[in-house]
$ cat coords-v2.csv   # CSV, N, CA and C atoms
chain,number,residue,atom,x,y,z
A,1,MET,N,59.4,24.2,-39.8
A,1,MET,CA,60.1,24.6,-41.1
A,1,MET,C,60.6,23.4,-41.8
A,2,ILE,N,60.3,23.3,-43.0
A,2,ILE,CA,60.8,22.1,-43.8
A,2,ILE,C,62.0,22.6,-44.6
A,3,LYS,N,63.1,21.9,-44.5
A,3,LYS,CA,64.3,22.3,-45.3
A,3,LYS,C,64.1,21.8,-46.8
A,4,PRO,N,64.8,22.4,-47.7
A,4,PRO,CA,64.6,22.0,-49.1
A,4,PRO,C,64.8,20.5,-49.4
A,5,GLU,N,65.8,19.9,-48.8
A,5,GLU,CA,66.1,18.5,-49.0
A,5,GLU,C,65.0,17.7,-48.4
A,6,GLN,N,64.4,18.1,-47.3
A,6,GLN,CA,63.2,17.4,-46.7
A,6,GLN,C,62.0,17.6,-47.5
A,7,ARG,N,61.9,18.7,-48.2
A,7,ARG,CA,60.7,18.9,-49.0
A,7,ARG,C,60.8,18.0,-50.3
A,8,GLN,N,62.0,17.8,-50.8
A,8,GLN,CA,62.2,16.9,-51.9
A,8,GLN,C,61.8,15.5,-51.5
A,9,LEU,N,62.3,15.1,-50.4
A,9,LEU,CA,62.0,13.8,-49.8
A,9,LEU,C,60.5,13.6,-49.6
A,10,LEU,N,59.8,14.6,-49.1
A,10,LEU,CA,58.4,14.6,-48.9
A,10,LEU,C,57.6,14.5,-50.2
A,11,HIS,N,58.1,15.3,-51.2
A,11,HIS,CA,57.4,15.3,-52.5
A,11,HIS,C,57.5,13.9,-53.1
A,12,LYS,N,58.7,13.2,-53.0
A,12,LYS,CA,58.9,11.9,-53.6
A,12,LYS,C,57.9,10.9,-52.8
A,13,TYR,N,57.8,11.1,-51.5
A,13,TYR,CA,56.9,10.3,-50.7
A,13,TYR,C,55.5,10.4,-51.2
A,14,LEU,N,55.1,11.6,-51.4
A,14,LEU,CA,53.7,11.9,-51.8
A,14,LEU,C,53.4,11.2,-53.2
A,15,LEU,N,54.4,11.3,-54.1
A,15,LEU,CA,54.2,10.7,-55.4
A,15,LEU,C,54.1,9.2,-55.3
A,16,MET,N,55.0,8.6,-54.4
A,16,MET,CA,54.9,7.2,-54.2
A,16,MET,C,53.6,6.7,-53.6
A,17,GLU,N,53.1,7.5,-52.6
A,17,GLU,CA,51.8,7.2,-52.0
A,17,GLU,C,50.7,7.2,-53.1
A,18,LEU,N,50.7,8.2,-53.9
A,18,LEU,CA,49.6,8.3,-55.0
A,18,LEU,C,49.8,7.2,-56.0
A,19,ALA,N,51.0,6.9,-56.3
A,19,ALA,CA,51.3,5.8,-57.3
A,19,ALA,C,50.8,4.4,-56.8
A,20,VAL,N,51.0,4.2,-55.5
A,20,VAL,CA,50.6,2.9,-54.9
A,20,VAL,C,49.1,2.9,-54.8
A,21,LYS,N,48.5,4.0,-54.4
A,21,LYS,CA,47.0,4.0,-54.3
A,21,LYS,C,46.3,3.9,-55.7
A,22,SER,N,46.9,4.5,-56.7
A,22,SER,CA,46.4,4.4,-58.1
A,22,SER,C,46.4,3.0,-58.6
A,23,LEU,N,47.6,2.4,-58.4
A,23,LEU,CA,47.7,1.0,-58.9
A,23,LEU,C,46.8,0.0,-58.1
A,24,GLN,N,46.6,0.3,-56.8
A,24,GLN,CA,45.7,-0.6,-56.0
A,24,GLN,C,44.2,-0.4,-56.5
A,25,ILE,N,43.9,0.8,-56.9
A,25,ILE,CA,42.5,1.0,-57.4
A,25,ILE,C,42.4,0.4,-58.8
A,26,ASP,N,43.4,0.4,-59.6
A,26,ASP,CA,43.3,-0.2,-60.9
A,26,ASP,C,43.5,-1.7,-60.9
A,27,TYR,N,44.0,-2.3,-59.9
A,27,TYR,CA,44.3,-3.7,-59.8
A,27,TYR,C,43.1,-4.6,-60.1
A,28,PRO,N,41.9,-4.3,-59.4
A,28,PRO,CA,40.7,-5.1,-59.7
A,28,PRO,C,40.3,-5.1,-61.2
A,29,LYS,N,40.5,-3.9,-61.8
A,29,LYS,CA,40.1,-3.8,-63.2
A,29,LYS,C,41.0,-4.6,-64.1
A,30,VAL,N,42.3,-4.7,-63.8
A,30,VAL,CA,43.2,-5.5,-64.5
A,30,VAL,C,42.9,-7.0,-64.3
A,31,GLU,N,42.4,-7.4,-63.2
A,31,GLU,CA,42.0,-8.8,-62.9
A,31,GLU,C,40.9,-9.2,-63.8
A,32,ARG,N,40.2,-8.3,-64.4
A,32,ARG,CA,39.1,-8.7,-65.3
A,32,ARG,C,39.5,-8.7,-66.8
A,33,PHE,N,40.8,-8.4,-67.0
A,33,PHE,CA,41.3,-8.5,-68.4
A,33,PHE,C,41.3,-9.9,-68.9
A,34,LYS,N,41.1,-10.1,-70.2
A,34,LYS,CA,41.2,-11.4,-70.7
A,34,LYS,C,42.6,-11.9,-70.6
A,35,MET,N,43.6,-11.0,-70.7
A,35,MET,CA,45.0,-11.4,-70.7
A,35,MET,C,45.6,-11.1,-69.3
A,36,LYS,N,44.8,-11.2,-68.3
A,36,LYS,CA,45.3,-10.9,-66.9
A,36,LYS,C,46.6,-11.6,-66.5
A,37,ASP,N,46.8,-12.8,-67.0
A,37,ASP,CA,48.0,-13.6,-66.7
A,37,ASP,C,49.3,-12.9,-67.2
A,38,VAL,N,49.1,-12.1,-68.2
A,38,VAL,CA,50.3,-11.3,-68.7
A,38,VAL,C,50.5,-10.1,-67.9
A,39,PHE,N,49.4,-9.4,-67.5
A,39,PHE,CA,49.6,-8.1,-66.9
A,39,PHE,C,49.7,-8.1,-65.4
A,40,LEU,N,49.1,-9.1,-64.7
A,40,LEU,CA,49.1,-9.1,-63.3
A,40,LEU,C,50.5,-9.3,-62.7
A,41,PRO,N,51.4,-10.1,-63.3
A,41,PRO,CA,52.7,-10.2,-62.7
A,41,PRO,C,53.5,-8.9,-62.8
A,42,PHE,N,53.3,-8.1,-63.9
A,42,PHE,CA,53.9,-6.7,-63.9
A,42,PHE,C,53.3,-5.8,-62.8
A,43,MET,N,52.0,-5.9,-62.6
A,43,MET,CA,51.4,-5.1,-61.6
A,43,MET,C,51.9,-5.5,-60.2
A,44,ASP,N,52.0,-6.8,-60.0
A,44,ASP,CA,52.5,-7.3,-58.7
A,44,ASP,C,53.9,-6.8,-58.4
A,45,SER,N,54.7,-7.0,-59.4
A,45,SER,CA,56.1,-6.6,-59.3
A,45,SER,C,56.3,-5.1,-59.0
A,46,LEU,N,55.5,-4.3,-59.8
A,46,LEU,CA,55.6,-2.8,-59.7
A,46,LEU,C,55.1,-2.4,-58.3
A,47,LEU,N,53.9,-3.0,-57.9
A,47,LEU,CA,53.4,-2.6,-56.6
A,47,LEU,C,54.4,-2.9,-55.5
A,48,LYS,N,55.0,-4.1,-55.6
A,48,LYS,CA,56.0,-4.5,-54.5
A,48,LYS,C,57.1,-3.5,-54.4
A,49,GLU,N,57.7,-3.1,-55.6
A,49,GLU,CA,58.8,-2.2,-55.6
A,49,GLU,C,58.4,-0.8,-55.1
A,50,LEU,N,57.2,-0.3,-55.5
A,50,LEU,CA,56.7,1.0,-55.1
A,50,LEU,C,56.4,1.0,-53.6
A,51,ARG,N,55.8,-0.1,-53.1
A,51,ARG,CA,55.5,-0.1,-51.7
A,51,ARG,C,56.8,-0.1,-50.8
A,52,GLN,N,57.8,-0.8,-51.3
A,52,GLN,CA,59.1,-0.9,-50.6
A,52,GLN,C,59.7,0.5,-50.5
A,53,GLU,N,59.7,1.2,-51.7
A,53,GLU,CA,60.3,2.6,-51.7
A,53,GLU,C,59.4,3.5,-50.8
A,54,PHE,N,58.1,3.3,-50.9
A,54,PHE,CA,57.2,4.2,-50.1
A,54,PHE,C,57.5,4.0,-48.6
A,55,PHE,N,57.6,2.8,-48.1
A,55,PHE,CA,57.9,2.5,-46.7
A,55,PHE,C,59.3,3.0,-46.3
A,56,ASN,N,60.3,2.9,-47.2
A,56,ASN,CA,61.6,3.5,-46.9
A,56,ASN,C,61.6,5.0,-46.8
A,57,LEU,N,60.8,5.6,-47.6
A,57,LEU,CA,60.7,7.1,-47.6
A,57,LEU,C,59.9,7.5,-46.3
A,58,LYS,N,58.9,6.7,-46.0
A,58,LYS,CA,58.1,7.0,-44.7
A,58,LYS,C,59.0,6.9,-43.5
A,59,ARG,N,59.9,5.9,-43.5
A,59,ARG,CA,60.8,5.7,-42.4
A,59,ARG,C,61.8,6.9,-42.3
A,60,GLN,N,62.3,7.3,-43.4
A,60,GLN,CA,63.2,8.4,-43.5
A,60,GLN,C,62.6,9.7,-43.0
A,61,LEU,N,61.3,9.9,-43.4
A,61,LEU,CA,60.6,11.1,-42.9
A,61,LEU,C,60.3,11.0,-41.4
A,62,SER,N,60.0,9.8,-41.0
A,62,SER,CA,59.7,9.6,-39.5
A,62,SER,C,60.9,9.9,-38.7
A,63,GLN,N,62.1,9.5,-39.2
A,63,GLN,CA,63.3,9.8,-38.4
A,63,GLN,C,63.6,11.3,-38.3
A,64,GLN,N,63.1,12.1,-39.3
A,64,GLN,CA,63.2,13.5,-39.2
A,64,GLN,C,62.0,14.2,-38.6
A,65,GLN,N,61.1,13.4,-38.0
A,65,GLN,CA,59.9,13.8,-37.3
A,65,GLN,C,59.0,14.6,-38.3
A,66,ILE,N,58.8,14.0,-39.5
A,66,ILE,CA,57.9,14.6,-40.4
A,66,ILE,C,56.9,13.5,-40.8
A,67,ARG,N,55.6,13.9,-40.8
A,67,ARG,CA,54.6,13.0,-41.2
A,67,ARG,C,53.5,13.7,-42.0
A,68,VAL,N,52.8,13.0,-42.9
A,68,VAL,CA,51.7,13.5,-43.6
A,68,VAL,C,50.4,13.3,-42.8
A,69,VAL,N,49.7,14.3,-42.5
A,69,VAL,CA,48.5,14.2,-41.6
A,69,VAL,C,47.3,13.9,-42.5
A,70,GLY,N,47.2,14.6,-43.6
A,70,GLY,CA,46.0,14.4,-44.5
A,70,GLY,C,46.1,15.2,-45.8
A,71,TRP,N,45.2,14.8,-46.6
A,71,TRP,CA,45.0,15.4,-47.9
A,71,TRP,C,43.6,16.1,-47.9
A,72,THR,N,43.5,17.3,-48.4
A,72,THR,CA,42.3,18.1,-48.4
A,72,THR,C,42.1,18.7,-49.8
A,73,PRO,N,41.1,18.2,-50.5
A,73,PRO,CA,40.8,18.8,-51.8
A,73,PRO,C,40.4,20.3,-51.7
A,74,VAL,N,41.0,21.2,-52.4
A,74,VAL,CA,40.6,22.6,-52.3
A,74,VAL,C,39.5,22.8,-53.4
A,75,ASP,N,39.7,22.4,-54.6
A,75,ASP,CA,38.7,22.4,-55.7
A,75,ASP,C,39.1,21.3,-56.7
A,76,GLU,N,38.6,21.4,-57.9
A,76,GLU,CA,39.0,20.3,-58.8
A,76,GLU,C,40.4,20.5,-59.3
A,77,ASN,N,41.1,21.6,-59.1
A,77,ASN,CA,42.4,21.8,-59.6
A,77,ASN,C,43.5,21.7,-58.5
A,78,PHE,N,43.2,21.8,-57.2
A,78,PHE,CA,44.2,21.9,-56.2
A,78,PHE,C,43.9,21.0,-55.0
A,79,THR,N,44.9,20.5,-54.3
A,79,THR,CA,44.8,19.8,-53.1
A,79,THR,C,45.8,20.3,-52.1
A,80,ASP,N,45.4,20.4,-50.9
A,80,ASP,CA,46.3,20.8,-49.8
A,80,ASP,C,46.7,19.5,-49.0
A,81,VAL,N,48.0,19.5,-48.7
A,81,VAL,CA,48.5,18.4,-47.9
A,81,VAL,C,49.0,18.9,-46.6
A,82,GLN,N,48.5,18.4,-45.5
A,82,GLN,CA,48.9,18.8,-44.2
A,82,GLN,C,50.1,18.0,-43.7
A,83,ILE,N,51.1,18.7,-43.3
A,83,ILE,CA,52.3,18.0,-42.8
A,83,ILE,C,52.6,18.4,-41.4
A,84,ALA,N,52.9,17.4,-40.6
A,84,ALA,CA,53.2,17.7,-39.2
A,84,ALA,C,54.8,17.5,-39.0
A,85,THR,N,55.4,18.5,-38.5
A,85,THR,CA,56.8,18.5,-38.2
A,85,THR,C,57.1,18.7,-36.7
A,86,ALA,N,58.4,18.5,-36.3
A,86,ALA,CA,58.7,18.7,-34.9
A,86,ALA,C,58.5,20.2,-34.5
A,87,GLY,N,58.8,21.1,-35.4
A,87,GLY,CA,58.6,22.5,-35.0
A,87,GLY,C,57.2,23.0,-35.2
A,88,ASN,N,56.6,22.9,-36.3
A,88,ASN,CA,55.3,23.4,-36.6
A,88,ASN,C,54.7,22.6,-37.7
A,89,ASP,N,53.4,22.8,-37.9
A,89,ASP,CA,52.7,22.1,-39.0
A,89,ASP,C,52.7,23.0,-40.2
A,90,VAL,N,52.7,22.3,-41.3
A,90,VAL,CA,52.8,23.1,-42.6
A,90,VAL,C,51.7,22.5,-43.5
A,91,GLU,N,51.2,23.4,-44.4
A,91,GLU,CA,50.2,23.0,-45.4
A,91,GLU,C,50.8,23.4,-46.7
A,92,LEU,N,50.9,22.4,-47.6
A,92,LEU,CA,51.4,22.6,-48.9
A,92,LEU,C,50.3,22.4,-49.9
A,93,ARG,N,50.3,23.2,-51.0
A,93,ARG,CA,49.3,23.1,-52.0
A,93,ARG,C,49.9,22.6,-53.3
A,94,TYR,N,49.2,21.6,-53.8
A,94,TYR,CA,49.7,20.9,-55.1
A,94,TYR,C,48.6,21.0,-56.1
A,95,ALA,N,49.0,21.2,-57.4
A,95,ALA,CA,48.1,21.2,-58.5
A,95,ALA,C,47.8,19.7,-58.8
A,96,ASN,N,46.6,19.3,-58.9
A,96,ASN,CA,46.2,17.9,-59.2
A,96,ASN,C,46.7,17.4,-60.5
A,97,GLN,N,46.7,18.2,-61.5
A,97,GLN,CA,47.1,17.8,-62.8
A,97,GLN,C,48.7,17.5,-62.8
A,98,ALA,N,49.4,18.4,-62.1
A,98,ALA,CA,50.8,18.2,-62.0
A,98,ALA,C,51.2,16.9,-61.2
A,99,LEU,N,50.4,16.6,-60.2
A,99,LEU,CA,50.7,15.4,-59.4
A,99,LEU,C,50.4,14.2,-60.3
A,100,LYS,N,49.3,14.2,-61.0
A,100,LYS,CA,48.9,13.1,-61.9
A,100,LYS,C,50.0,12.9,-63.0
A,101,THR,N,50.5,13.9,-63.6
A,101,THR,CA,51.5,13.8,-64.6
A,101,THR,C,52.8,13.2,-64.0
A,102,GLN,N,53.1,13.7,-62.8
A,102,GLN,CA,54.4,13.2,-62.1
A,102,GLN,C,54.2,11.7,-61.7
A,103,VAL,N,53.1,11.3,-61.3
A,103,VAL,CA,52.8,9.9,-60.9
A,103,VAL,C,52.9,9.0,-62.1
A,104,GLU,N,52.3,9.5,-63.2
A,104,GLU,CA,52.4,8.7,-64.5
A,104,GLU,C,53.8,8.6,-65.0
A,105,LYS,N,54.6,9.7,-64.8
A,105,LYS,CA,56.0,9.6,-65.2
A,105,LYS,C,56.8,8.7,-64.3
A,106,LEU,N,56.5,8.7,-63.0
A,106,LEU,CA,57.2,7.8,-62.1
A,106,LEU,C,56.9,6.4,-62.4
A,107,ILE,N,55.6,6.0,-62.7
A,107,ILE,CA,55.3,4.6,-63.0
A,107,ILE,C,55.9,4.2,-64.4
A,108,SER,N,55.9,5.1,-65.3
A,108,SER,CA,56.5,4.8,-66.6
A,108,SER,C,58.0,4.6,-66.5
A,109,ASN,N,58.6,5.4,-65.7
A,109,ASN,CA,60.1,5.2,-65.5
A,109,ASN,C,60.3,3.9,-64.8
A,110,LYS,N,59.5,3.5,-63.9
A,110,LYS,CA,59.7,2.2,-63.2
A,110,LYS,C,59.5,1.0,-64.2
A,111,LEU,N,58.6,1.2,-65.2
A,111,LEU,CA,58.4,0.2,-66.2
A,111,LEU,C,59.3,0.4,-67.4
A,112,ASN,N,60.2,1.4,-67.3
A,112,ASN,CA,61.1,1.7,-68.4
A,112,ASN,C,60.3,2.0,-69.8
A,113,VAL,N,59.2,2.7,-69.6
A,113,VAL,CA,58.5,3.1,-70.8
A,113,VAL,C,58.9,4.5,-71.1
A,114,ASN,N,59.2,4.8,-72.3
A,114,ASN,CA,59.7,6.1,-72.7
A,114,ASN,C,58.7,7.0,-73.5
A,115,ASN,N,57.4,6.6,-73.4
A,115,ASN,CA,56.4,7.4,-74.2
A,115,ASN,C,55.7,8.4,-73.4
A,116,VAL,N,56.1,8.7,-72.2
A,116,VAL,CA,55.4,9.7,-71.4
A,116,VAL,C,56.3,10.9,-71.3
$ encode --input "coords-v2.csv" --output "structure tokens"
Amino acid sequence: MIKPEQRQLLHKYLLMELAVKSLQIDYPKVERFKMKDVFLPFMDSLLKELRQEFFNLKRQLSQQQIRVVGWTPVDENFTDVQIATAGNDVELRYANQALKTQVEKLISNKLNVNNV
């Protein structure tokens, strides 16, 4: 059983994981920009900050004996996330579009961009 405060921590962890993965996928594309010298320092700084938060959240979840086992796409709209806890395993379903929007908002907030 996951308590509400643990679920919030877990949700934040999942968003951080997706944000880091998304930026890592986009990084090679930014390296091909003509003005990469302008954008890459922002990406490096952002990735460093997100990774640090990600590992801090992972440590907090680990201390509570909670870990993410895997992601399973259900269809084009939903994804199930398998969570292992000390008591029992849990499967949470997330809407892909909602996750995408929340990750975009997280990254925008980190960059202090107010247009999202």
$ atom_distance --input "coords-v2.csv" --atom1 "atom N of Asn88 (chain A)" --atom2 "atom N of Ile2 (chain A)"
7.7 Å
$ closest_residue --input "coords-v2.csv" --among "A:Phe54, A:Val90, A:Ala84, A:Gln65" --to "Leu14 (chain A)" --atoms "all atoms listed in the file"
A:Phe54
$ closest_residue --input "coords-v2.csv" --among "A:Leu47, A:Leu40, A:Ala98, A:Leu61" --to "Leu9 (chain A)" --atoms "all atoms listed in the file"
A:Leu61
$ select_by_dssp --input "coords-v2.csv" --residues "chain A" --states "strand (DSSP E or B)" --output "PyMOL selection string"
chain A and resi 67-73+78-84+89-95
$ select_by_dssp --input "coords-v2.csv" --residues "region 7-106 of chain A" --states "helix (DSSP H, G or I)" --output "JSON, numbers by chain"
{"A": [7, 8, 9, 10, 11, 12, 13, 14, 15, 16, 17, 18, 19, 20, 21, 22, 23, 24, 25, 26, 27, 28, 29, 30, 31, 36, 37, 38, 39, 40, 41, 42, 43, 44, 45, 46, 47, 48, 49, 50, 51, 52, 53, 54, 55, 56, 57, 58, 59, 60, 61, 62, 63, 96, 97, 98, 99, 100, 101, 102, 103, 104, 105, 106]}
$ closest_residue --input "coords-v2.csv" --among "A:Leu106, A:Val81, A:Ala95, A:Leu50" --to "Val69 (chain A)" --atoms "only N, CA and C atoms"
A:Val81
$ atom_distance --input "coords-v2.csv" --atom1 "atom C of Phe78 (chain A)" --atom2 "atom N of Asn112 (chain A)"
28.3 Å
$ closest_residue --input "coords-v2.csv" --among "A:Ile66, A:Leu10, A:Met16, A:Gln24" --to "Gly87 (chain A)" --atoms "only C-alpha atoms"
A:Ile66
$ closest_residue --input "coords-v2.csv" --among "A:Ala19, A:Glu31, A:Leu57, A:Arg7" --to "Lys105 (chain A)" --atoms "only C-alpha atoms"
A:Ala19
$ decode --input "coords-v2.csv" --residues "region 4-29 of chain A" --atoms "N, CA, C and O atoms" --output "JSON list (two decimals), in the first residue's frame"
[["chain", "number", "residue", "atom", "x", "y", "z"],
["A", 4, "PRO", "N", -0.52, 8.41, 0.54],
["A", 4, "PRO", "CA", -0.64, 9.58, -0.35],
["A", 4, "PRO", "C", 0.65, 10.39, -0.49],
["A", 4, "PRO", "O", 1.00, 10.81, -1.59],
["A", 5, "GLU", "N", 1.38, 10.60, 0.60],
["A", 5, "GLU", "CA", 2.63, 11.37, 0.51],
["A", 5, "GLU", "C", 3.69, 10.59, -0.27],
["A", 5, "GLU", "O", 4.50, 11.19, -0.98],
["A", 6, "GLN", "N", 3.68, 9.26, -0.17],
["A", 6, "GLN", "CA", 4.61, 8.44, -0.95],
["A", 6, "GLN", "C", 4.23, 8.49, -2.43],
["A", 6, "GLN", "O", 5.10, 8.52, -3.29],
["A", 7, "ARG", "N", 2.94, 8.52, -2.70],
["A", 7, "ARG", "CA", 2.48, 8.57, -4.09],
["A", 7, "ARG", "C", 2.89, 9.89, -4.74],
["A", 7, "ARG", "O", 3.27, 9.93, -5.91],
["A", 8, "GLN", "N", 2.82, 10.99, -3.98],
["A", 8, "GLN", "CA", 3.26, 12.29, -4.51],
["A", 8, "GLN", "C", 4.75, 12.27, -4.81],
["A", 8, "GLN", "O", 5.19, 12.77, -5.84],
["A", 9, "LEU", "N", 5.52, 11.69, -3.90],
["A", 9, "LEU", "CA", 6.96, 11.57, -4.09],
["A", 9, "LEU", "C", 7.26, 10.71, -5.32],
["A", 9, "LEU", "O", 8.10, 11.05, -6.15],
["A", 10, "LEU", "N", 6.53, 9.62, -5.45],
["A", 10, "LEU", "CA", 6.69, 8.72, -6.59],
["A", 10, "LEU", "C", 6.33, 9.42, -7.90],
["A", 10, "LEU", "O", 7.05, 9.28, -8.90],
["A", 11, "HIS", "N", 5.25, 10.19, -7.89],
["A", 11, "HIS", "CA", 4.84, 10.91, -9.10],
["A", 11, "HIS", "C", 5.92, 11.92, -9.51],
["A", 11, "HIS", "O", 6.26, 12.01, -10.69],
["A", 12, "LYS", "N", 6.47, 12.63, -8.56],
["A", 12, "LYS", "CA", 7.53, 13.58, -8.85],
["A", 12, "LYS", "C", 8.76, 12.85, -9.42],
["A", 12, "LYS", "O", 9.39, 13.32, -10.36],
["A", 13, "TYR", "N", 9.05, 11.69, -8.85],
["A", 13, "TYR", "CA", 10.17, 10.87, -9.34],
["A", 13, "TYR", "C", 9.94, 10.47, -10.80],
["A", 13, "TYR", "O", 10.84, 10.56, -11.63],
["A", 14, "LEU", "N", 8.73, 10.03, -11.11],
["A", 14, "LEU", "CA", 8.41, 9.60, -12.48],
["A", 14, "LEU", "C", 8.55, 10.77, -13.46],
["A", 14, "LEU", "O", 9.08, 10.60, -14.56],
["A", 15, "LEU", "N", 8.09, 11.95, -13.05],
["A", 15, "LEU", "CA", 8.22, 13.12, -13.92],
["A", 15, "LEU", "C", 9.69, 13.47, -14.14],
["A", 15, "LEU", "O", 10.09, 13.81, -15.26],
["A", 16, "MET", "N", 10.50, 13.38, -13.07],
["A", 16, "MET", "CA", 11.93, 13.65, -13.20],
["A", 16, "MET", "C", 12.59, 12.66, -14.15],
["A", 16, "MET", "O", 13.41, 13.03, -14.98],
["A", 17, "GLU", "N", 12.21, 11.39, -14.01],
["A", 17, "GLU", "CA", 12.78, 10.36, -14.88],
["A", 17, "GLU", "C", 12.46, 10.65, -16.35],
["A", 17, "GLU", "O", 13.34, 10.59, -17.21],
["A", 18, "LEU", "N", 11.22, 10.99, -16.61],
["A", 18, "LEU", "CA", 10.81, 11.30, -17.99],
["A", 18, "LEU", "C", 11.49, 12.57, -18.50],
["A", 18, "LEU", "O", 11.88, 12.63, -19.68],
["A", 19, "ALA", "N", 11.64, 13.56, -17.64],
["A", 19, "ALA", "CA", 12.30, 14.81, -18.06],
["A", 19, "ALA", "C", 13.75, 14.55, -18.43],
["A", 19, "ALA", "O", 14.23, 15.02, -19.47],
["A", 20, "VAL", "N", 14.46, 13.78, -17.61],
["A", 20, "VAL", "CA", 15.86, 13.46, -17.89],
["A", 20, "VAL", "C", 15.97, 12.67, -19.19],
["A", 20, "VAL", "O", 16.79, 12.99, -20.06],
["A", 21, "LYS", "N", 15.13, 11.66, -19.34],
["A", 21, "LYS", "CA", 15.18, 10.85, -20.56],
["A", 21, "LYS", "C", 14.88, 11.68, -21.81],
["A", 21, "LYS", "O", 15.53, 11.53, -22.84],
["A", 22, "SER", "N", 13.88, 12.56, -21.71],
["A", 22, "SER", "CA", 13.52, 13.39, -22.86],
["A", 22, "SER", "C", 14.66, 14.31, -23.26],
["A", 22, "SER", "O", 14.97, 14.45, -24.45],
["A", 23, "LEU", "N", 15.28, 14.93, -22.27],
["A", 23, "LEU", "CA", 16.40, 15.83, -22.57],
["A", 23, "LEU", "C", 17.60, 15.07, -23.12],
["A", 23, "LEU", "O", 18.31, 15.57, -23.99],
["A", 24, "GLN", "N", 17.83, 13.86, -22.63],
["A", 24, "GLN", "CA", 18.93, 13.05, -23.15],
["A", 24, "GLN", "C", 18.68, 12.67, -24.60],
["A", 24, "GLN", "O", 19.61, 12.62, -25.41],
["A", 25, "ILE", "N", 17.44, 12.42, -24.95],
["A", 25, "ILE", "CA", 17.09, 12.08, -26.34],
["A", 25, "ILE", "C", 17.26, 13.31, -27.23],
["A", 25, "ILE", "O", 17.74, 13.22, -28.36],
["A", 26, "ASP", "N", 16.88, 14.49, -26.71],
["A", 26, "ASP", "CA", 16.97, 15.72, -27.50],
["A", 26, "ASP", "C", 18.38, 16.27, -27.60],
["A", 26, "ASP", "O", 18.68, 17.05, -28.50],
["A", 27, "TYR", "N", 19.26, 15.89, -26.69],
["A", 27, "TYR", "CA", 20.61, 16.46, -26.63],
["A", 27, "TYR", "C", 21.37, 16.34, -27.95],
["A", 27, "TYR", "O", 21.93, 17.33, -28.43],
["A", 28, "PRO", "N", 21.42, 15.15, -28.57],
["A", 28, "PRO", "CA", 22.14, 15.04, -29.86],
["A", 28, "PRO", "C", 21.56, 15.95, -30.95],
["A", 28, "PRO", "O", 22.30, 16.44, -31.81],
["A", 29, "LYS", "N", 20.27, 16.20, -30.89],
["A", 29, "LYS", "CA", 19.65, 17.10, -31.87],
["A", 29, "LYS", "C", 20.11, 18.53, -31.65],
["A", 29, "LYS", "O", 20.36, 19.26, -32.60]]
